[in-house]
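Reproduced below: model17.txt, with compact mmCIF, C-alpha atoms.
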```txt
# COMPACT_ATOMS: atom_id res chain seq x y z
CA MET G 42 -2.40 18.84 -34.74
CA VAL G 43 -2.62 20.35 -31.24
CA ASP G 44 -4.70 23.52 -30.97
CA GLU G 45 -2.54 26.55 -30.09
CA ARG G 46 -4.69 27.57 -27.13
CA LEU G 47 -4.70 24.02 -25.78
CA TYR G 48 -0.93 23.86 -26.21
CA ARG G 49 -0.46 27.10 -24.23
CA SER G 50 -2.84 25.85 -21.55
CA LEU G 51 -0.90 22.62 -21.20
CA LYS G 52 2.38 24.52 -20.98
CA ILE G 53 1.02 26.78 -18.23
CA THR G 54 -0.38 23.81 -16.32
CA ALA G 55 2.96 22.00 -16.53
CA LEU G 56 4.81 25.11 -15.36
CA VAL G 57 2.47 25.64 -12.40
CA MET G 58 2.83 21.99 -11.38
CA ALA G 59 6.63 22.19 -11.64
CA LEU G 60 6.76 25.37 -9.54
CA GLY G 61 4.43 23.83 -7.00
CA TRP G 62 6.68 20.78 -6.74
CA VAL G 63 9.77 22.95 -6.25
CA ALA G 64 7.99 25.00 -3.56
CA TRP G 65 6.84 21.88 -1.71
CA THR G 66 10.30 20.31 -1.92
CA PHE G 67 11.86 23.46 -0.45
CA TYR G 68 9.26 23.62 2.32
CA ASP G 69 9.52 19.93 3.09
CA GLY G 70 13.30 19.93 3.12
CA PHE G 71 14.18 23.25 4.72
CA VAL G 72 11.16 24.81 6.45
CA ARG G 73 8.96 22.12 7.95
CA GLU G 74 10.30 20.85 11.23
CA ARG G 75 10.11 17.10 11.63
CA SER G 76 11.26 14.79 14.35
CA ALA G 77 13.93 12.16 13.75
CA GLU G 78 11.23 9.49 14.03
CA VAL G 79 9.11 11.09 11.32
CA ILE G 80 12.12 11.36 9.01
CA THR G 81 12.96 7.69 9.62
CA LEU G 82 9.36 6.60 8.96
CA GLU G 83 9.14 8.60 5.73
CA ALA G 84 12.47 7.15 4.59
CA ALA G 85 11.18 3.64 5.31
CA HIS G 86 8.02 4.30 3.27
CA LYS G 87 10.14 5.60 0.39
CA ALA G 88 12.47 2.60 0.56
CA PHE G 89 9.45 0.29 0.40
CA ALA G 90 8.05 2.17 -2.61
CA ASP G 91 11.46 1.87 -4.32
CA GLY G 92 11.62 -1.86 -3.67
CA LEU G 93 14.47 -1.54 -1.14
CA TYR G 94 12.84 -3.91 1.30
CA GLU G 95 15.80 -4.58 3.60
CA LYS G 96 16.25 -0.84 4.07
CA ALA G 97 12.52 -0.44 4.67
CA ARG G 98 12.52 -3.22 7.24
CA SER G 99 15.39 -1.60 9.11
CA GLY G 100 13.57 1.74 9.19
CA TYR G 101 10.27 0.30 10.38
CA ARG G 102 11.97 -1.70 13.13
CA GLU G 103 13.82 1.42 14.22
CA ILE G 104 10.48 3.20 14.69
CA LEU G 105 9.02 0.30 16.65
CA ASP G 106 12.03 0.46 19.00
CA ALA G 107 12.11 4.28 19.25
CA PRO G 108 11.08 5.66 22.66
CA GLY G 109 9.86 8.88 21.04
CA ALA G 110 7.45 7.22 18.61
CA GLY G 111 3.77 7.56 19.55
CA ARG G 112 1.04 4.96 19.13
CA THR G 113 -0.09 6.14 15.69
CA MET G 114 3.46 6.18 14.34
CA ARG G 115 4.22 2.73 15.74
CA LEU G 116 1.04 1.33 14.23
CA ASP G 117 1.93 2.76 10.82
CA ALA G 118 5.43 1.31 11.12
CA ARG G 119 4.01 -2.10 12.07
CA ARG G 120 1.77 -2.10 9.01
CA GLY G 121 4.72 -1.08 6.88
CA LEU G 122 6.86 -3.82 8.40
CA ALA G 123 4.13 -6.38 7.70
CA ARG G 124 3.95 -5.36 4.03
CA THR G 125 7.74 -5.42 3.80
CA LEU G 126 8.04 -8.91 5.27
CA MET G 127 5.37 -10.07 2.83
CA GLU G 128 7.40 -8.75 -0.11
CA LEU G 129 10.51 -10.43 1.29
CA GLY G 130 8.65 -13.74 1.33
CA GLU G 131 8.73 -14.03 5.13
CA HIS G 132 5.08 -14.91 5.26
CA GLU G 133 4.69 -16.21 8.80
CA ALA G 134 6.52 -13.21 10.24
CA ALA G 135 4.39 -10.90 8.08
CA LEU G 136 1.23 -12.60 9.30
CA ARG G 137 2.19 -12.03 12.93
CA GLN G 138 2.70 -8.32 12.24
CA PHE G 139 -0.59 -8.00 10.34
CA ASP G 140 -2.40 -9.75 13.19
CA ARG G 141 -0.92 -7.37 15.74
CA ALA G 142 -1.78 -4.34 13.62
CA ILE G 143 -5.37 -5.50 13.17
CA ASP G 144 -5.74 -6.27 16.89
CA ALA G 145 -4.59 -2.71 17.63
CA ALA G 146 -6.92 -1.05 15.08
CA PRO G 147 -9.64 -3.50 13.98
CA GLU G 148 -11.59 -0.90 11.98
CA PHE G 149 -8.75 -0.14 9.54
CA GLY G 150 -9.79 -1.74 6.27
CA ALA G 151 -6.49 -1.61 4.37
CA ALA G 152 -4.84 -3.91 6.92
CA TYR G 153 -7.40 -6.63 6.15
CA ALA G 154 -6.87 -6.07 2.42
CA ASN G 155 -3.12 -6.55 2.81
CA ARG G 156 -3.49 -9.56 5.09
CA GLY G 157 -5.85 -10.98 2.47
CA ILE G 158 -3.15 -10.58 -0.16
CA LEU G 159 -0.75 -12.39 2.16
CA TYR G 160 -3.19 -15.26 2.72
CA ASP G 161 -3.67 -15.40 -1.05
CA ARG G 162 0.07 -15.78 -1.59
CA MET G 163 0.17 -18.47 1.10
CA GLY G 164 -2.56 -20.45 -0.66
CA ARG G 165 -5.03 -19.91 2.17
CA TYR G 166 -7.78 -18.80 -0.15
CA GLU G 167 -10.83 -18.95 2.09
CA ARG G 168 -9.10 -16.73 4.66
CA ALA G 169 -7.99 -14.40 1.87
CA MET G 170 -11.55 -14.10 0.59
CA ALA G 171 -12.86 -13.40 4.12
CA ASP G 172 -10.28 -10.64 4.64
CA TYR G 173 -11.05 -9.06 1.27
CA ARG G 174 -14.76 -8.97 2.15
CA LYS G 175 -14.03 -7.52 5.59
CA ALA G 176 -11.77 -4.85 4.08
CA LEU G 177 -14.49 -3.74 1.65
CA GLU G 178 -17.10 -3.74 4.39
CA LEU G 179 -14.94 -1.34 6.42
CA ASP G 180 -13.68 0.76 3.51
CA PRO G 181 -15.50 0.42 0.16
CA SER G 182 -13.02 2.82 -1.47
CA LEU G 183 -10.42 0.03 -1.38
CA ASP G 184 -12.20 -1.55 -4.33
CA GLU G 185 -11.40 1.44 -6.53
CA GLY G 186 -7.81 0.23 -6.86
CA PRO G 187 -4.83 2.58 -7.27
CA GLY G 188 -5.48 5.89 -9.00
CA PHE G 189 -3.78 7.14 -12.16
CA LEU G 190 -0.92 8.86 -10.31
CA THR G 191 -0.11 5.76 -8.26
CA ARG G 192 -0.19 3.60 -11.39
CA PHE G 193 2.04 6.13 -13.16
CA MET G 194 4.59 5.95 -10.33
CA ARG G 195 4.51 2.15 -10.53
CA ASN G 196 4.78 2.21 -14.34
CA GLN G 197 1.44 0.38 -14.43
CA ALA G 198 -0.50 1.32 -17.56
CA GLU G 199 -3.76 -0.46 -16.78
CA GLN G 200 -5.86 -0.82 -13.66
CA SER G 201 -5.04 -4.07 -11.87
CA PRO G 202 -7.79 -6.36 -10.54
CA THR G 203 -9.22 -5.07 -7.26
CA ILE G 204 -9.65 -7.07 -4.06
CA GLY G 205 -13.38 -7.21 -4.87
CA ASP G 206 -12.57 -8.78 -8.24
CA ARG G 207 -10.24 -11.26 -6.55
CA ALA G 208 -12.78 -12.14 -3.84
CA ASP G 209 -15.44 -12.81 -6.48
CA TYR G 210 -13.00 -14.91 -8.49
CA LEU G 211 -12.00 -16.96 -5.45
CA ALA G 212 -15.65 -17.51 -4.48
CA ALA G 213 -16.45 -18.78 -7.99
CA GLN G 214 -13.43 -21.10 -8.06
CA LEU G 215 -13.94 -22.46 -4.54
CA ALA G 216 -17.52 -23.34 -5.47
CA LYS G 217 -16.20 -25.78 -8.08
CA PRO G 218 -15.03 -29.34 -7.40
CA PRO G 219 -11.35 -29.33 -6.30
CA GLY G 220 -10.10 -30.80 -9.56
CA GLN G 221 -11.67 -28.02 -11.59
CA ARG G 222 -10.41 -25.03 -9.62
CA LEU G 223 -7.92 -22.53 -11.04
CA LEU G 224 -6.87 -20.50 -8.02
CA ARG G 225 -3.53 -19.18 -9.26
CA VAL G 226 -2.84 -17.30 -12.49
CA PRO G 227 0.79 -16.17 -12.04
CA GLU G 228 0.78 -13.37 -14.62
CA LYS G 229 -2.36 -11.88 -13.06
CA ASP G 230 -1.38 -12.57 -9.45
CA ALA G 231 1.86 -10.65 -9.99
CA GLU G 232 -0.17 -7.48 -10.67
CA GLN G 233 -1.69 -7.47 -7.18
CA GLN G 234 -0.19 -4.64 -5.13
CA SER G 235 -0.44 -4.09 -1.39
CA TYR G 236 -2.41 -1.11 -0.14
CA ARG G 237 -0.77 1.96 1.36
CA LYS G 238 -3.50 3.97 3.06
CA ASP G 239 -1.82 4.24 6.41
CA GLU G 240 0.65 7.09 6.15
CA TYR G 241 1.50 8.58 9.53
CA VAL G 242 -0.06 11.99 10.10
CA GLU G 243 1.72 14.20 12.59
CA THR G 244 -0.96 14.37 15.26
CA GLY G 245 1.37 14.24 18.23
CA GLU G 246 0.02 10.83 19.32
```

Could you take the file, read its structure, and then write that structure out as structure tokens?
Amino acid sequence: MVDERLYRSLKITALVMALGWVAWTFYDGFVRERSAEVITLEAAHKAFADGLYEKARSGYREILDAPGAGRTMRLDARRGLARTLMELGEHEAALRQFDRAIDAAPEFGAAYANRGILYDRMGRYERAMADYRKALELDPSLDEGPGFLTRFMRNQAEQSPTIGDRADYLAAQLAKPPGQRLLRVPEKDAEQQSYRKDEYVETGE
């Protein structure tokens, strides 16, 4: 049975969170001024999160073609487009976009993590392992995997294997003779999610 004080505390916490959400929604929708490009980029990110990949692709391409989009916004859109093309199964096109994004910002770890996932899906395991290692070298926090809130939004009860786990697994399998390797486990591979650590921040760039 739930303690009465704990129950009241939980109710107050839930109420505060709900009011905070309402306040932020009002501010975000009616007070905060945003450019058309920012609105388009945010809509593309939301479409991607909702699995509406064609809509996301359209939004990201619109940003890349927009004269008013700065370098940071274009780079974020390119990374988003690369992830979207990967989910659409257009692997070669996705690879070209990942390569361009990495060339433009070679110290951004999440881009290597996502390109590693793409290489993994393409069966290019040694390149995948190298990208996973590079991603963790640049940003060790990538090996923490998605937090509770992200997993909740994805309806993902348990923590999925991290890129560090996958890199270690690939290294162990590639060390075996070819006939003994097990490089794909479909039910596990399906749990691997791309990384979204590249939201555009309105810096004016």

List as a VMD selection string the protein and nucleic acid residues near G:Ala169, meaning an atom at most 12 Å away when only C-alpha atoms are counted, but skip any in the same chain fewer than 2 places from it. chain G and resid 136 153 to 167 171 to 176 204 to 205 207 to 212 215 224

With all atoms listed in the file as the counted atoms, please give the residues lying no more than 9 Å from stretch 98-103 of chain G, apart from itself and same-chain residues fewer than 4 positions off, as a PyMOL selection string. chain G and resi 78+81-86+88-89+93-94+107+115+117-123+125-126

As a check of understanding: the span from atom CA of G:Gly150 to atom CA of G:Leu116 is 13.8 Å

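With atom CA of G:Asp180 on one side and atom CA of G:Ile80 on the other, the separation reads 28.4 Å.
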
Can you measure atom CA of G:Leu105 to atom CA of G:Leu179 for me? One decimal in Å is fine.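 One can read the atom CA of G:Leu105 to atom CA of G:Leu179 distance as 26.1 Å.
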
Pick out the closest residue to G:Glu128 from this set: G:Pro219, G:Gly92, G:Gly109, G:Pro181. Count only C-alpha atoms.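 Checking each candidate against G:Glu128, we get G:Gly92 as the closest.
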